[in-house]
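Asker: Got upload03.txt for you, compact mmCIF, C-alpha atoms:
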```txt
# COMPACT_ATOMS: atom_id res chain seq x y z
CA MET X 816 -9.25 9.74 6.69
CA LEU X 817 -10.14 11.58 9.92
CA PRO X 818 -6.94 12.53 11.79
CA GLY X 819 -8.90 13.69 14.83
CA LEU X 820 -10.38 10.24 15.52
CA GLU X 821 -9.19 9.26 19.00
CA GLY X 822 -8.50 5.82 20.44
CA SER X 823 -6.93 4.16 17.41
CA TYR X 824 -3.39 4.17 16.08
CA GLU X 825 -1.69 2.30 13.24
CA GLU X 826 1.73 2.82 11.74
CA SER X 827 2.20 3.11 8.00
CA PRO X 828 4.23 0.44 6.18
CA PRO X 829 7.95 1.21 6.63
CA SER X 830 8.96 1.23 2.94
CA LEU X 831 7.59 1.56 -0.58
CA ILE X 832 7.81 -2.21 -1.12
CA ASP X 833 5.86 -2.90 2.08
CA LEU X 834 3.35 -0.25 1.04
CA SER X 835 2.85 -1.99 -2.31
CA VAL X 836 2.23 -5.32 -0.53
CA ARG X 837 -0.48 -3.77 1.63
CA ASP X 838 -1.81 -1.82 -1.35
CA ARG X 839 -2.24 -5.06 -3.29
CA ARG X 840 -4.56 -6.42 -0.59
CA TRP X 841 -6.50 -3.16 -0.37
CA CYS X 842 -6.85 -3.11 -4.16
CA GLN X 843 -8.38 -6.58 -4.12
CA GLY X 844 -10.78 -5.64 -1.33
CA ASN X 845 -11.89 -2.40 -3.01
CA LEU X 846 -12.45 -4.01 -6.41
CA GLN X 847 -14.61 -6.69 -4.76
CA HIS X 848 -16.99 -3.92 -3.70
CA SER X 849 -18.10 -3.67 -7.33
CA ARG X 850 -20.19 -6.81 -6.70
CA ILE X 851 -22.25 -5.16 -3.94
CA MET X 852 -22.51 -1.56 -5.15
CA GLY X 853 -25.89 -2.31 -6.70
CA ALA X 854 -27.27 -4.15 -3.68
CA SER X 855 -30.60 -2.92 -2.37
CA GLY X 856 -30.82 -1.00 0.89
CA LEU X 857 -27.57 0.93 0.57
CA LYS X 858 -27.52 4.71 0.92
CA LEU X 859 -26.16 6.87 -1.88
CA ALA X 860 -23.22 7.93 0.31
CA THR X 861 -22.29 4.26 0.81
CA ARG X 862 -22.38 3.60 -2.92
CA GLN X 863 -20.28 6.72 -3.50
CA HIS X 864 -17.78 5.49 -0.89
CA PHE X 865 -17.48 2.15 -2.69
CA ALA X 866 -17.08 3.90 -6.04
CA THR X 867 -14.37 6.18 -4.66
CA GLY X 868 -12.43 3.19 -3.31
CA ILE X 869 -12.70 1.35 -6.62
CA MET X 870 -11.65 4.36 -8.67
CA SER X 871 -8.66 5.00 -6.39
CA TYR X 872 -7.12 1.90 -7.99
CA LEU X 873 -8.70 1.97 -11.45
CA ALA X 874 -7.26 5.48 -11.83
CA SER X 875 -3.78 3.98 -12.24
CA PRO X 876 -4.52 1.83 -15.33
CA PHE X 877 -6.60 4.72 -16.73
CA TRP X 878 -3.63 7.05 -16.29
CA LEU X 879 -1.35 4.50 -17.95
CA LEU X 880 -3.76 4.17 -20.88
CA GLN X 881 -3.93 7.96 -21.15
CA LEU X 882 -0.13 8.13 -21.44
CA VAL X 883 -0.14 5.43 -24.12
CA VAL X 884 -2.87 7.21 -26.09
CA GLY X 885 -1.05 10.54 -25.75
CA ILE X 886 2.19 9.04 -27.10
CA ALA X 887 0.24 7.43 -29.96
CA LEU X 888 -1.32 10.77 -30.88
CA VAL X 889 2.07 12.48 -30.91
CA LEU X 890 3.44 9.69 -33.12
CA GLN X 891 0.50 10.11 -35.46
CA THR X 892 1.05 13.86 -35.66
CA THR X 893 4.81 13.48 -36.22
CA TYR X 894 5.01 10.62 -38.69
CA ILE X 895 1.59 10.30 -40.37
CA ARG X 896 0.57 12.89 -42.94
CA PRO X 897 -2.92 14.21 -42.11
CA GLU X 898 -5.68 14.03 -44.71
CA TYR X 899 -7.13 17.48 -45.04
CA PHE X 900 -9.49 16.55 -47.88
CA SER X 901 -11.71 13.52 -47.42
CA ARG X 902 -13.19 11.51 -50.25
CA ASP X 903 -16.60 13.00 -49.52
CA PHE X 904 -17.25 16.26 -51.32
CA ARG X 905 -16.82 19.22 -48.96
CA LEU X 906 -16.38 22.91 -49.53
CA PHE X 907 -13.76 23.27 -46.81
CA PRO X 908 -10.82 21.09 -45.71
CA ALA X 909 -10.91 19.19 -42.39
CA TRP X 910 -8.16 20.92 -40.43
CA PRO X 911 -6.73 19.13 -37.37
CA ARG X 912 -8.32 20.52 -34.22
CA PHE X 913 -6.42 21.27 -31.03
CA ASP X 914 -7.67 23.54 -28.28
CA PRO X 915 -4.71 24.63 -26.10
CA GLU X 916 -6.95 26.65 -23.77
CA ARG X 917 -9.09 23.61 -22.91
CA ALA X 918 -5.97 21.48 -22.52
CA LEU X 919 -4.44 23.96 -20.08
CA GLY X 920 -7.78 24.25 -18.31
CA LEU X 921 -7.89 20.48 -17.85
CA PHE X 922 -4.32 20.52 -16.56
CA ALA X 923 -5.12 23.29 -14.07
CA LEU X 924 -8.24 21.43 -12.88
CA THR X 925 -6.22 18.23 -12.40
CA MET X 926 -3.52 20.02 -10.42
CA GLY X 927 -6.20 21.71 -8.32
CA ILE X 928 -7.83 18.38 -7.45
CA LEU X 929 -4.45 16.92 -6.50
CA LEU X 930 -3.03 19.86 -4.57
CA ALA X 931 -6.10 21.49 -3.01
CA PRO X 932 -6.52 18.87 -0.21
CA LYS X 933 -2.84 19.27 0.69
CA LEU X 934 -3.14 23.06 0.73
CA PHE X 935 -6.31 22.99 2.84
CA GLY X 936 -4.70 20.54 5.27
CA LEU X 937 -1.65 22.79 5.58
CA ILE X 938 -3.84 25.84 6.25
CA LEU X 939 -5.80 24.00 8.95
CA MET X 940 -2.56 22.96 10.65
CA LEU X 941 -1.08 26.47 10.47
CA ILE X 942 -4.10 28.10 12.13
CA ASP X 943 -4.20 25.46 14.90
CA GLY X 944 -1.56 26.61 17.40
CA PRO X 945 -1.03 23.40 19.44
CA LYS X 946 -0.91 21.17 16.35
CA ARG X 947 1.34 23.61 14.49
CA ARG X 948 3.85 23.64 17.34
CA ALA X 949 3.63 19.84 17.72
CA ALA X 950 4.46 19.47 14.01
CA GLY X 951 7.63 21.59 14.26
CA GLY X 952 6.29 25.10 13.76
CA GLY X 953 4.98 27.03 10.78
CA VAL X 954 8.21 27.20 8.75
CA ARG X 955 9.06 23.51 9.21
CA LEU X 956 5.43 22.58 8.52
CA ALA X 957 5.40 24.47 5.22
CA LEU X 958 8.76 22.97 4.23
CA SER X 959 7.49 19.49 5.16
CA ALA X 960 4.44 20.02 2.96
CA LEU X 961 6.71 20.98 0.05
CA ILE X 962 8.86 17.87 0.57
CA GLU X 963 5.71 15.74 0.68
CA VAL X 964 4.45 17.19 -2.62
CA VAL X 965 7.78 16.45 -4.33
CA LEU X 966 7.96 12.91 -2.94
CA SER X 967 4.33 12.27 -3.91
CA ALA X 968 5.06 13.40 -7.48
CA LEU X 969 8.07 11.06 -7.68
CA LEU X 970 6.19 8.12 -6.16
CA ALA X 971 3.06 8.57 -8.29
CA PRO X 972 4.35 6.94 -11.53
CA ILE X 973 5.89 4.04 -9.59
CA LEU X 974 2.61 3.40 -7.79
CA MET X 975 0.80 3.75 -11.12
CA LEU X 976 2.67 0.76 -12.54
CA ILE X 977 2.40 -1.24 -9.31
CA GLN X 978 -1.35 -0.64 -8.98
CA SER X 979 -1.95 -1.28 -12.69
CA GLY X 980 -0.23 -4.64 -12.30
CA SER X 981 -2.31 -5.38 -9.19
CA VAL X 982 -5.57 -4.58 -10.99
CA PHE X 983 -4.59 -6.84 -13.89
CA GLN X 984 -3.66 -9.71 -11.54
CA ILE X 985 -6.95 -9.41 -9.68
CA LEU X 986 -9.02 -9.29 -12.86
CA VAL X 987 -7.42 -12.56 -14.04
CA GLY X 988 -8.13 -14.22 -10.68
CA GLY X 989 -4.87 -13.74 -8.75
CA ASP X 990 -5.03 -13.81 -4.94
CA THR X 991 -2.08 -13.00 -2.64
CA GLY X 992 -3.80 -13.83 0.64
CA TRP X 993 -3.46 -11.70 3.77
CA ASN X 994 -0.04 -12.07 5.35
CA PRO X 995 1.07 -9.99 8.36
CA GLN X 996 2.87 -6.71 7.67
CA ARG X 997 6.35 -5.69 8.71
CA ARG X 998 6.51 -2.86 11.23
CA ASP X 999 10.26 -2.52 11.74
CA ASP X 1000 12.60 0.17 10.39
CA GLY X 1001 11.84 -0.73 6.77
CA SER X 1002 15.39 -1.68 5.77
CA ILE X 1003 15.38 -3.98 2.74
CA PRO X 1004 18.46 -5.50 1.06
CA PHE X 1005 19.45 -3.34 -1.89
CA ARG X 1006 19.49 -6.44 -4.10
CA ASP X 1007 15.78 -7.00 -3.43
CA ILE X 1008 15.02 -3.35 -4.18
CA VAL X 1009 16.80 -3.60 -7.54
CA ARG X 1010 14.96 -6.82 -8.37
CA ARG X 1011 11.60 -5.29 -7.51
CA HIS X 1012 12.06 -1.99 -9.39
CA ARG X 1013 14.35 -2.88 -12.29
CA TRP X 1014 11.47 -3.04 -14.77
CA HIS X 1015 10.14 0.32 -13.56
CA THR X 1016 13.58 1.86 -14.16
CA LEU X 1017 13.85 0.24 -17.58
CA MET X 1018 10.40 1.48 -18.58
CA GLY X 1019 11.33 5.00 -17.48
CA ILE X 1020 14.53 4.96 -19.55
CA VAL X 1021 12.75 3.58 -22.63
CA ALA X 1022 9.87 6.06 -22.27
CA GLY X 1023 12.30 8.96 -21.81
CA LEU X 1024 14.42 8.08 -24.86
CA SER X 1025 11.34 7.44 -26.99
CA ALA X 1026 9.70 10.72 -25.99
CA PHE X 1027 12.91 12.67 -26.61
CA LEU X 1028 13.35 11.14 -30.07
CA ILE X 1029 9.73 11.83 -30.98
CA ALA X 1030 9.51 15.42 -29.76
CA THR X 1031 11.26 17.54 -27.16
CA SER X 1032 7.92 18.95 -26.03
CA LEU X 1033 6.64 15.42 -25.35
CA PHE X 1034 9.74 14.65 -23.27
CA LEU X 1035 9.26 17.82 -21.21
CA TRP X 1036 5.55 17.10 -20.74
CA MET X 1037 6.27 13.54 -19.53
CA SER X 1038 9.37 14.44 -17.50
CA PRO X 1039 7.69 14.15 -14.05
CA THR X 1040 6.59 10.61 -14.88
CA ILE X 1041 9.91 9.69 -16.48
CA ILE X 1042 12.01 11.02 -13.58
CA GLY X 1043 9.98 9.09 -11.01
CA LEU X 1044 10.39 5.81 -12.91
CA VAL X 1045 14.09 6.28 -13.68
CA LEU X 1046 14.78 7.01 -9.99
CA SER X 1047 12.49 4.24 -8.68
CA ILE X 1048 15.35 2.23 -7.15
CA PRO X 1049 16.92 5.08 -5.09
CA ILE X 1050 13.46 6.40 -4.19
CA SER X 1051 12.40 2.98 -2.90
CA TRP X 1052 15.66 2.65 -0.97
CA LEU X 1053 15.19 6.11 0.53
CA SER X 1054 11.61 5.31 1.57
CA GLY X 1055 12.84 2.54 3.88
CA SER X 1056 16.02 4.23 5.10
CA LEU X 1057 16.12 4.53 8.88
CA ALA X 1058 19.03 7.00 8.67
CA ALA X 1059 17.07 9.32 6.35
CA GLY X 1060 14.04 9.17 8.62
CA LEU X 1061 16.08 9.97 11.73
CA ALA X 1062 17.83 12.83 9.92
CA LEU X 1063 14.50 14.39 8.92
CA LYS X 1064 13.19 13.92 12.45
CA LYS X 1065 16.28 15.63 13.87
CA LEU X 1066 15.63 18.59 11.56
CA GLY X 1067 12.00 18.68 12.68
CA LEU X 1068 10.66 17.85 9.20
CA LEU X 1069 7.79 15.54 8.23
CA LEU X 1070 6.72 15.34 11.87
CA ILE X 1071 3.17 14.66 12.98
CA PRO X 1072 1.80 15.63 16.42
CA ALA X 1073 1.60 11.96 17.46
CA GLU X 1074 5.40 11.78 17.25
CA THR X 1075 6.13 14.71 19.54
CA THR X 1076 3.21 14.00 21.92
CA PRO X 1077 2.40 10.27 21.57
CA PRO X 1078 -1.22 9.26 22.33
CA PRO X 1079 -1.73 7.29 25.55
CA ILE X 1080 -2.49 4.10 23.62
CA VAL X 1081 0.90 4.33 21.87
CA ALA X 1082 2.76 4.98 25.12
CA HIS X 1083 1.02 1.99 26.71
CA ALA X 1084 1.83 -0.22 23.70
CA ASN X 1085 5.49 0.80 23.83
CA ALA X 1086 5.63 0.02 27.56
CA LEU X 1087 4.10 -3.42 26.98
CA GLN X 1088 6.53 -4.07 24.14
CA ALA X 1089 9.50 -3.19 26.34
CA GLU X 1090 8.18 -5.43 29.12
CA ASN X 1091 7.66 -8.35 26.72
CA ARG X 1092 11.17 -7.85 25.36
CA ARG X 1093 12.57 -7.84 28.91
CA LEU X 1094 10.75 -11.08 29.73
CA GLY X 1095 11.92 -12.68 26.49
CA PHE X 1096 8.41 -13.13 25.05
CA ASP X 1097 9.43 -11.70 21.68
CA ASP X 1098 12.09 -14.38 21.25
CA GLY X 1099 10.02 -17.34 22.42
CA ASP X 1100 8.13 -19.74 20.18
CA SER X 1101 4.38 -19.33 20.75
CA LEU X 1102 3.59 -23.04 21.03
CA LEU X 1103 6.57 -23.70 23.31
CA VAL X 1104 5.64 -20.74 25.54
CA LEU X 1105 2.04 -21.95 25.86
CA HIS X 1106 3.27 -25.48 26.55
CA GLY X 1107 5.50 -24.30 29.39
CA ASP X 1108 3.14 -21.76 30.97
CA PRO X 1109 -0.19 -23.33 32.11
CA ALA X 1110 -1.61 -20.00 33.31
CA LEU X 1111 -0.94 -18.27 30.00
CA ARG X 1112 -2.29 -21.29 28.14
CA GLU X 1113 -5.51 -21.18 30.18
CA ARG X 1114 -6.05 -17.50 29.36
CA HIS X 1115 -5.28 -18.12 25.69
CA VAL X 1116 -7.71 -21.04 25.42
CA ALA X 1117 -10.44 -19.04 27.19
CA MET X 1118 -10.31 -16.41 24.41
CA LEU X 1119 -10.53 -18.92 21.55
CA PRO X 1120 -13.88 -19.32 19.79
CA HIS X 1121 -15.49 -22.73 19.62
CA ARG X 1122 -14.81 -24.31 16.23
CA PRO X 1123 -17.95 -24.09 14.03
CA HIS X 1124 -19.57 -27.36 13.09
CA ARG X 1125 -18.56 -28.56 9.63
CA PRO X 1126 -20.98 -30.47 7.42
CA ARG X 1127 -20.15 -34.13 7.08
CA GLY X 1128 -17.71 -34.84 4.28
CA GLU X 1129 -16.11 -31.35 4.34
CA PHE X 1130 -12.51 -31.10 5.53
CA ASP X 1131 -9.94 -28.34 5.85
CA PRO X 1132 -6.74 -29.80 4.32
CA GLU X 1133 -4.43 -27.64 6.47
CA ARG X 1134 -6.26 -28.61 9.65
CA VAL X 1135 -6.14 -32.29 8.74
CA MET X 1136 -2.39 -32.07 8.13
CA ALA X 1137 -1.83 -30.17 11.38
CA GLU X 1138 -3.78 -32.78 13.35
CA ALA X 1139 -1.90 -35.63 11.70
CA LYS X 1140 1.47 -34.07 12.52
CA ILE X 1141 0.51 -33.48 16.15
CA ILE X 1142 -0.71 -37.07 16.52
CA ASP X 1143 2.49 -38.39 14.96
CA ALA X 1144 4.76 -36.17 17.09
CA GLN X 1145 6.46 -37.60 20.17
CA THR X 1146 7.31 -34.23 21.74
CA ILE X 1147 6.16 -30.62 21.44
CA GLY X 1148 9.51 -29.92 19.75
CA ASP X 1149 8.64 -32.36 16.98
CA ALA X 1150 5.29 -30.64 16.41
CA VAL X 1151 6.92 -27.18 16.34
CA ALA X 1152 9.48 -28.37 13.78
CA TRP X 1153 6.94 -30.09 11.53
CA LEU X 1154 4.09 -27.56 11.47
CA ARG X 1155 4.13 -25.08 8.60
CA PRO X 1156 3.21 -21.42 9.29
CA LYS X 1157 -0.42 -21.77 8.19
CA GLU X 1158 -0.83 -25.03 10.11
CA ARG X 1159 0.71 -23.39 13.19
CA MET X 1160 -1.83 -20.54 13.03
CA ILE X 1161 -4.64 -23.08 12.76
CA VAL X 1162 -3.40 -24.86 15.88
CA LEU X 1163 -3.08 -21.60 17.83
CA ASN X 1164 -6.67 -20.68 16.91
CA ASP X 1165 -8.24 -24.13 17.32
CA ARG X 1166 -9.14 -25.13 20.88
CA ALA X 1167 -9.15 -28.89 20.26
CA LEU X 1168 -5.88 -28.98 18.29
CA LEU X 1169 -4.11 -26.73 20.78
CA LEU X 1170 -5.12 -28.90 23.74
CA LEU X 1171 -4.00 -31.97 21.79
CA ALA X 1172 -0.60 -30.38 21.18
CA MET X 1173 -0.27 -29.36 24.83
CA ARG X 1174 -0.50 -33.02 25.90
CA LEU X 1175 2.79 -33.78 24.15
CA LYS X 1176 5.93 -34.27 26.23
CA SER X 1177 8.54 -31.53 26.52
```
Now, as a test, write the supplied structure out as C-alpha cells.
Answerer:
Amino acid sequence: MLPGLEGSYEESPPSLIDLSVRDRRWCQGNLQHSRIMGASGLKLATRQHFATGIMSYLASPFWLLQLVVGIALVLQTTYIRPEYFSRDFRLFPAWPRFDPERALGLFALTMGILLAPKLFGLILMLIDGPKRRAAGGGVRLALSALIEVVLSALLAPILMLIQSGSVFQILVGGDTGWNPQRRDDGSIPFRDIVRRHRWHTLMGIVAGLSAFLIATSLFLWMSPTIIGLVLSIPISWLSGSLAAGLALKKLGLLLIPAETTPPPIVAHANALQAENRRLGFDDGDSLLVLHGDPALRERHVAMLPHRPHRPRGEFDPERVMAEAKIIDAQTIGDAVAWLRPKERMIVLNDRALLLLAMRLKS
C-alpha cells in the first residue's frame, strides 16, 4: 500500500457492489495462501504478509462470531439466573466477574489500531506542502479524513457480512472465476441494489429490535453496526452515485493528488482512450475488427504466445466447441454470433483458432 510508487495506476471499483465482486476474488486468492505459508525457503516477512492477507478476511467472520457471542452473553445475564453457589463445597460464593477497565482498555486499543493509520496518514499529508495543496488544502483534507472515517464505519458492518459470506462460500468449494471489472461511473439500477442488500437491511432491523428489547445499553453499544446495516441500501447507492462524486469533487473533498495533477501514464491513457473512441474502436467487435484490418491482425497475432503442447487424450471443452463453431460457420458474422464469451476469449488468445476464423468470408 505504497502511495509513492511511481509508474502504476489503477482505479478503484466504482461502487460498493463492484468492490464486493473484486473483494470476493481477492478473498479466494488470500485464503489459498494458507496452503503455502508453511513452505520451506520463505522468509518470516513473507509468511507474515500471507498471514496478514488471510486475516484481513477471516477478521470478518471472527467479528460476526464476537457479536453473536456478545448477544448470547447479554441474554444469559438478562434471562438466566446465575448460580452463585455451586454443588461443590466452597466457603465463598462464585460471583459473576466483569472487568470494565479491561473492557474499555480493549475498546481503546481496537480504536487505536483502526484510527492510528488514518491519523498518521493525515499528518504526513498535512506536513507535505505540495501534496496538501494538491489534495485541496489543510482544512479540506482534514474534513475529507473525517468523512472517510464516517463512511468507513458505515461500510464496515456491510463488508463484514459480505466477506463472511465469501469466506463460507470458499471453504465449501465455491469459485466465482475472474471476470473483468467495471470501470465506468458506477451507476447500478436501484432494483439491483435493493436485491443485493435487502438481507443486510433486514438483519440490521432484526438485530436493532432484538438488542433494544434485550437491553438499551446493548442497543447503544451495537448502534454503529446496526446503523450501517439498516442504511446499507442508500449507502450502496451513494457509493456508486456519479452526482455525489462530482459534488464532492466540486467542493474539493475526498480528492487525491492524482486527480488534480494526473500522472503522465494516466494522461497518456486518457489520450489513447479518446483517440480509440474517435476512431470507433470502442464500438467495434474485436473479431470483426481483426478480420477487416490485416495490419492490426498481424500485430495481434505476433503478440500471441504459442499454444502449449497438450498430452494426448486431454482436451479443453471450450476450445473444442470454439473450433467446431468456426469450422461450421460460413462467414465471420456466423462465428461472432455463435461464439460464447469464454469461447471468444479463447479464439482471441489462440493463434491457430484466430487464423482459422480469419479465413472465413465477410
Asker: Please measure the separation of CA of Gly951 in chain X and CA of Val965 in chain X, giving the value in Å to one decimal.
Answerer: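 So the two atoms, CA of Gly951 in chain X and CA of Val965 in chain X, lie 19.3 Å apart.
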Asker: Compute the distance from (-2.1, -31.6, 10.2) to each atom, counting only C-alpha atoms, keep the residues with any atom at most 10 Å away, and return them as a VMD selection string; use the coordinates of the file.
Answerer: chain X and resid 1131 to 1143 1150 1153 to 1155 1158 to 1159 1161 to 1162 1168
Asker: Deliver the residues from the most recent selection as a file, using C-alpha atoms, as a PDB file, in the frame of the given file.
Answerer:
```
ATOM      1  CA  ASP X1131      -9.940 -28.340   5.850  1.00  0.00           C
ATOM      2  CA  PRO X1132      -6.740 -29.800   4.320  1.00  0.00           C
ATOM      3  CA  GLU X1133      -4.430 -27.640   6.470  1.00  0.00           C
ATOM      4  CA  ARG X1134      -6.260 -28.610   9.650  1.00  0.00           C
ATOM      5  CA  VAL X1135      -6.140 -32.290   8.740  1.00  0.00           C
ATOM      6  CA  MET X1136      -2.390 -32.070   8.130  1.00  0.00           C
ATOM      7  CA  ALA X1137      -1.830 -30.170  11.380  1.00  0.00           C
ATOM      8  CA  GLU X1138      -3.780 -32.780  13.350  1.00  0.00           C
ATOM      9  CA  ALA X1139      -1.900 -35.630  11.700  1.00  0.00           C
ATOM     10  CA  LYS X1140       1.470 -34.070  12.520  1.00  0.00           C
ATOM     11  CA  ILE X1141       0.510 -33.480  16.150  1.00  0.00           C
ATOM     12  CA  ILE X1142      -0.710 -37.070  16.520  1.00  0.00           C
ATOM     13  CA  ASP X1143       2.490 -38.390  14.960  1.00  0.00           C
ATOM     14  CA  ALA X1150       5.290 -30.640  16.410  1.00  0.00           C
ATOM     15  CA  TRP X1153       6.940 -30.090  11.530  1.00  0.00           C
ATOM     16  CA  LEU X1154       4.090 -27.560  11.470  1.00  0.00           C
ATOM     17  CA  ARG X1155       4.130 -25.080   8.600  1.00  0.00           C
ATOM     18  CA  GLU X1158      -0.830 -25.030  10.110  1.00  0.00           C
ATOM     19  CA  ARG X1159       0.710 -23.390  13.190  1.00  0.00           C
ATOM     20  CA  ILE X1161      -4.640 -23.080  12.760  1.00  0.00           C
ATOM     21  CA  VAL X1162      -3.400 -24.860  15.880  1.00  0.00           C
ATOM     22  CA  LEU X1168      -5.880 -28.980  18.290  1.00  0.00           C
TER      23      LEU X1168
END
```
Asker: Find the residues with any atom within 10 Å of (12.4, 2.1, -4.9); use only C-alpha atoms and the coordinates as given in the file, and write the answer as a ChimeraX atom specification.
Answerer: /X:830-832,970,973,1005,1007-1013,1015-1016,1043-1055
Asker: With only C-alpha atoms as the atoms that count, which of X:Leu1066, X:Ile886, X:Leu1028, X:Leu1087 lies nearest to Ala950 in chain X?
Answerer: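 Closest to Ala950 in chain X, using only C-alpha atoms: X:Leu1066.
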Asker: What is the CA of Leu1057 in chain X-CA of Arg1006 in chain X distance in Å, reported with one decimal?
Answerer: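 Rounded to one decimal, the two atoms are 17.3 Å apart.
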Asker: Interatomic distance between CA of Phe1034 in chain X and CA of Val889 in chain X?
Answerer: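 Calculated distance between CA of Phe1034 in chain X and CA of Val889 in chain X is 11.0 Å.
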Asker: Contacts of range 979-984 of chain X at 12 Å or less, counting all atoms listed in the file, minus same-chain residues fewer than 3 places along, as a ChimeraX atom specification?
Answerer: /X:835-847,869-880,971-976,987-991,1015
Asker: Do you know which residues are at most 9 Å from Thr1075 in chain X counting only C-alpha atoms, after dropping those on the same chain fewer than 2 positions away, and could you put them as a list of chain:residue names?
Answerer: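 With the cut-off at 9 Å, the set is X:Ala949, X:Ala950, X:Gly951, X:Leu1070, X:Ile1071, X:Pro1072, X:Ala1073, X:Pro1077.
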Asker: Write out, as a PDB file, keeping the file's coordinate frame, the residues just selected, with C-alpha atoms.
Answerer:
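Final output, part_32.pdb:
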```pdb
ATOM      1  CA  ALA X 949       3.630  19.840  17.720  1.00  0.00           C
ATOM      2  CA  ALA X 950       4.460  19.470  14.010  1.00  0.00           C
ATOM      3  CA  GLY X 951       7.630  21.590  14.260  1.00  0.00           C
ATOM      4  CA  LEU X1070       6.720  15.340  11.870  1.00  0.00           C
ATOM      5  CA  ILE X1071       3.170  14.660  12.980  1.00  0.00           C
ATOM      6  CA  PRO X1072       1.800  15.630  16.420  1.00  0.00           C
ATOM      7  CA  ALA X1073       1.600  11.960  17.460  1.00  0.00           C
ATOM      8  CA  PRO X1077       2.400  10.270  21.570  1.00  0.00           C
TER       9      PRO X1077
END
```
Asker: Would you mind telling me which residue in X:Glu825, X:Trp1014, X:Met852, X:Leu941 lies nearest to Ile977 in chain X when using all atoms listed in the file?
Answerer: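 Closest to Ile977 in chain X, using all atoms listed in the file: X:Trp1014.
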Asker: Closest to Thr1146 in chain X among X:Leu1175, X:Ala1167, X:Ile985, X:Ile962, using only C-alpha atoms?
Answerer: X:Leu1175
Asker: Could you please fill out range 885-897 of chain X with N, CA and C atoms and send it back as a PDB file, keeping the file's coordinate frame?
Answerer:
```
ATOM      1  N   GLY X 885      -1.713   9.271 -25.449  1.00  0.00           N
ATOM      2  CA  GLY X 885      -1.050  10.540 -25.750  1.00  0.00           C
ATOM      3  C   GLY X 885       0.195  10.350 -26.606  1.00  0.00           C
ATOM      4  N   ILE X 886       0.998   9.324 -26.289  1.00  0.00           N
ATOM      5  CA  ILE X 886       2.190   9.040 -27.100  1.00  0.00           C
ATOM      6  C   ILE X 886       1.785   8.645 -28.520  1.00  0.00           C
ATOM      7  N   ALA X 887       0.711   7.843 -28.634  1.00  0.00           N
ATOM      8  CA  ALA X 887       0.240   7.430 -29.960  1.00  0.00           C
ATOM      9  C   ALA X 887      -0.204   8.623 -30.789  1.00  0.00           C
ATOM     10  N   LEU X 888      -0.874   9.582 -30.150  1.00  0.00           N
ATOM     11  CA  LEU X 888      -1.320  10.770 -30.880  1.00  0.00           C
ATOM     12  C   LEU X 888      -0.144  11.615 -31.341  1.00  0.00           C
ATOM     13  N   VAL X 889       0.881  11.732 -30.506  1.00  0.00           N
ATOM     14  CA  VAL X 889       2.070  12.480 -30.910  1.00  0.00           C
ATOM     15  C   VAL X 889       2.771  11.783 -32.066  1.00  0.00           C
ATOM     16  N   LEU X 890       2.858  10.448 -32.008  1.00  0.00           N
ATOM     17  CA  LEU X 890       3.440   9.690 -33.120  1.00  0.00           C
ATOM     18  C   LEU X 890       2.654   9.904 -34.404  1.00  0.00           C
ATOM     19  N   GLN X 891       1.334   9.888 -34.272  1.00  0.00           N
ATOM     20  CA  GLN X 891       0.500  10.110 -35.460  1.00  0.00           C
ATOM     21  C   GLN X 891       0.748  11.489 -36.043  1.00  0.00           C
ATOM     22  N   THR X 892       0.830  12.500 -35.190  1.00  0.00           N
ATOM     23  CA  THR X 892       1.050  13.860 -35.660  1.00  0.00           C
ATOM     24  C   THR X 892       2.422  14.027 -36.303  1.00  0.00           C
ATOM     25  N   THR X 893       3.434  13.300 -35.762  1.00  0.00           N
ATOM     26  CA  THR X 893       4.810  13.480 -36.220  1.00  0.00           C
ATOM     27  C   THR X 893       5.096  12.718 -37.509  1.00  0.00           C
ATOM     28  N   TYR X 894       4.582  11.490 -37.600  1.00  0.00           N
ATOM     29  CA  TYR X 894       5.010  10.620 -38.690  1.00  0.00           C
ATOM     30  C   TYR X 894       3.917  10.289 -39.719  1.00  0.00           C
ATOM     31  N   ILE X 895       2.672  10.631 -39.438  1.00  0.00           N
ATOM     32  CA  ILE X 895       1.590  10.300 -40.370  1.00  0.00           C
ATOM     33  C   ILE X 895       1.047  11.598 -40.962  1.00  0.00           C
ATOM     34  N   ARG X 896       1.048  11.688 -42.268  1.00  0.00           N
ATOM     35  CA  ARG X 896       0.570  12.890 -42.940  1.00  0.00           C
ATOM     36  C   ARG X 896      -0.948  12.985 -42.824  1.00  0.00           C
ATOM     37  N   PRO X 897      -1.462  14.090 -42.274  1.00  0.00           N
ATOM     38  CA  PRO X 897      -2.920  14.210 -42.110  1.00  0.00           C
ATOM     39  C   PRO X 897      -3.622  14.371 -43.453  1.00  0.00           C
TER      40      PRO X 897
END
```
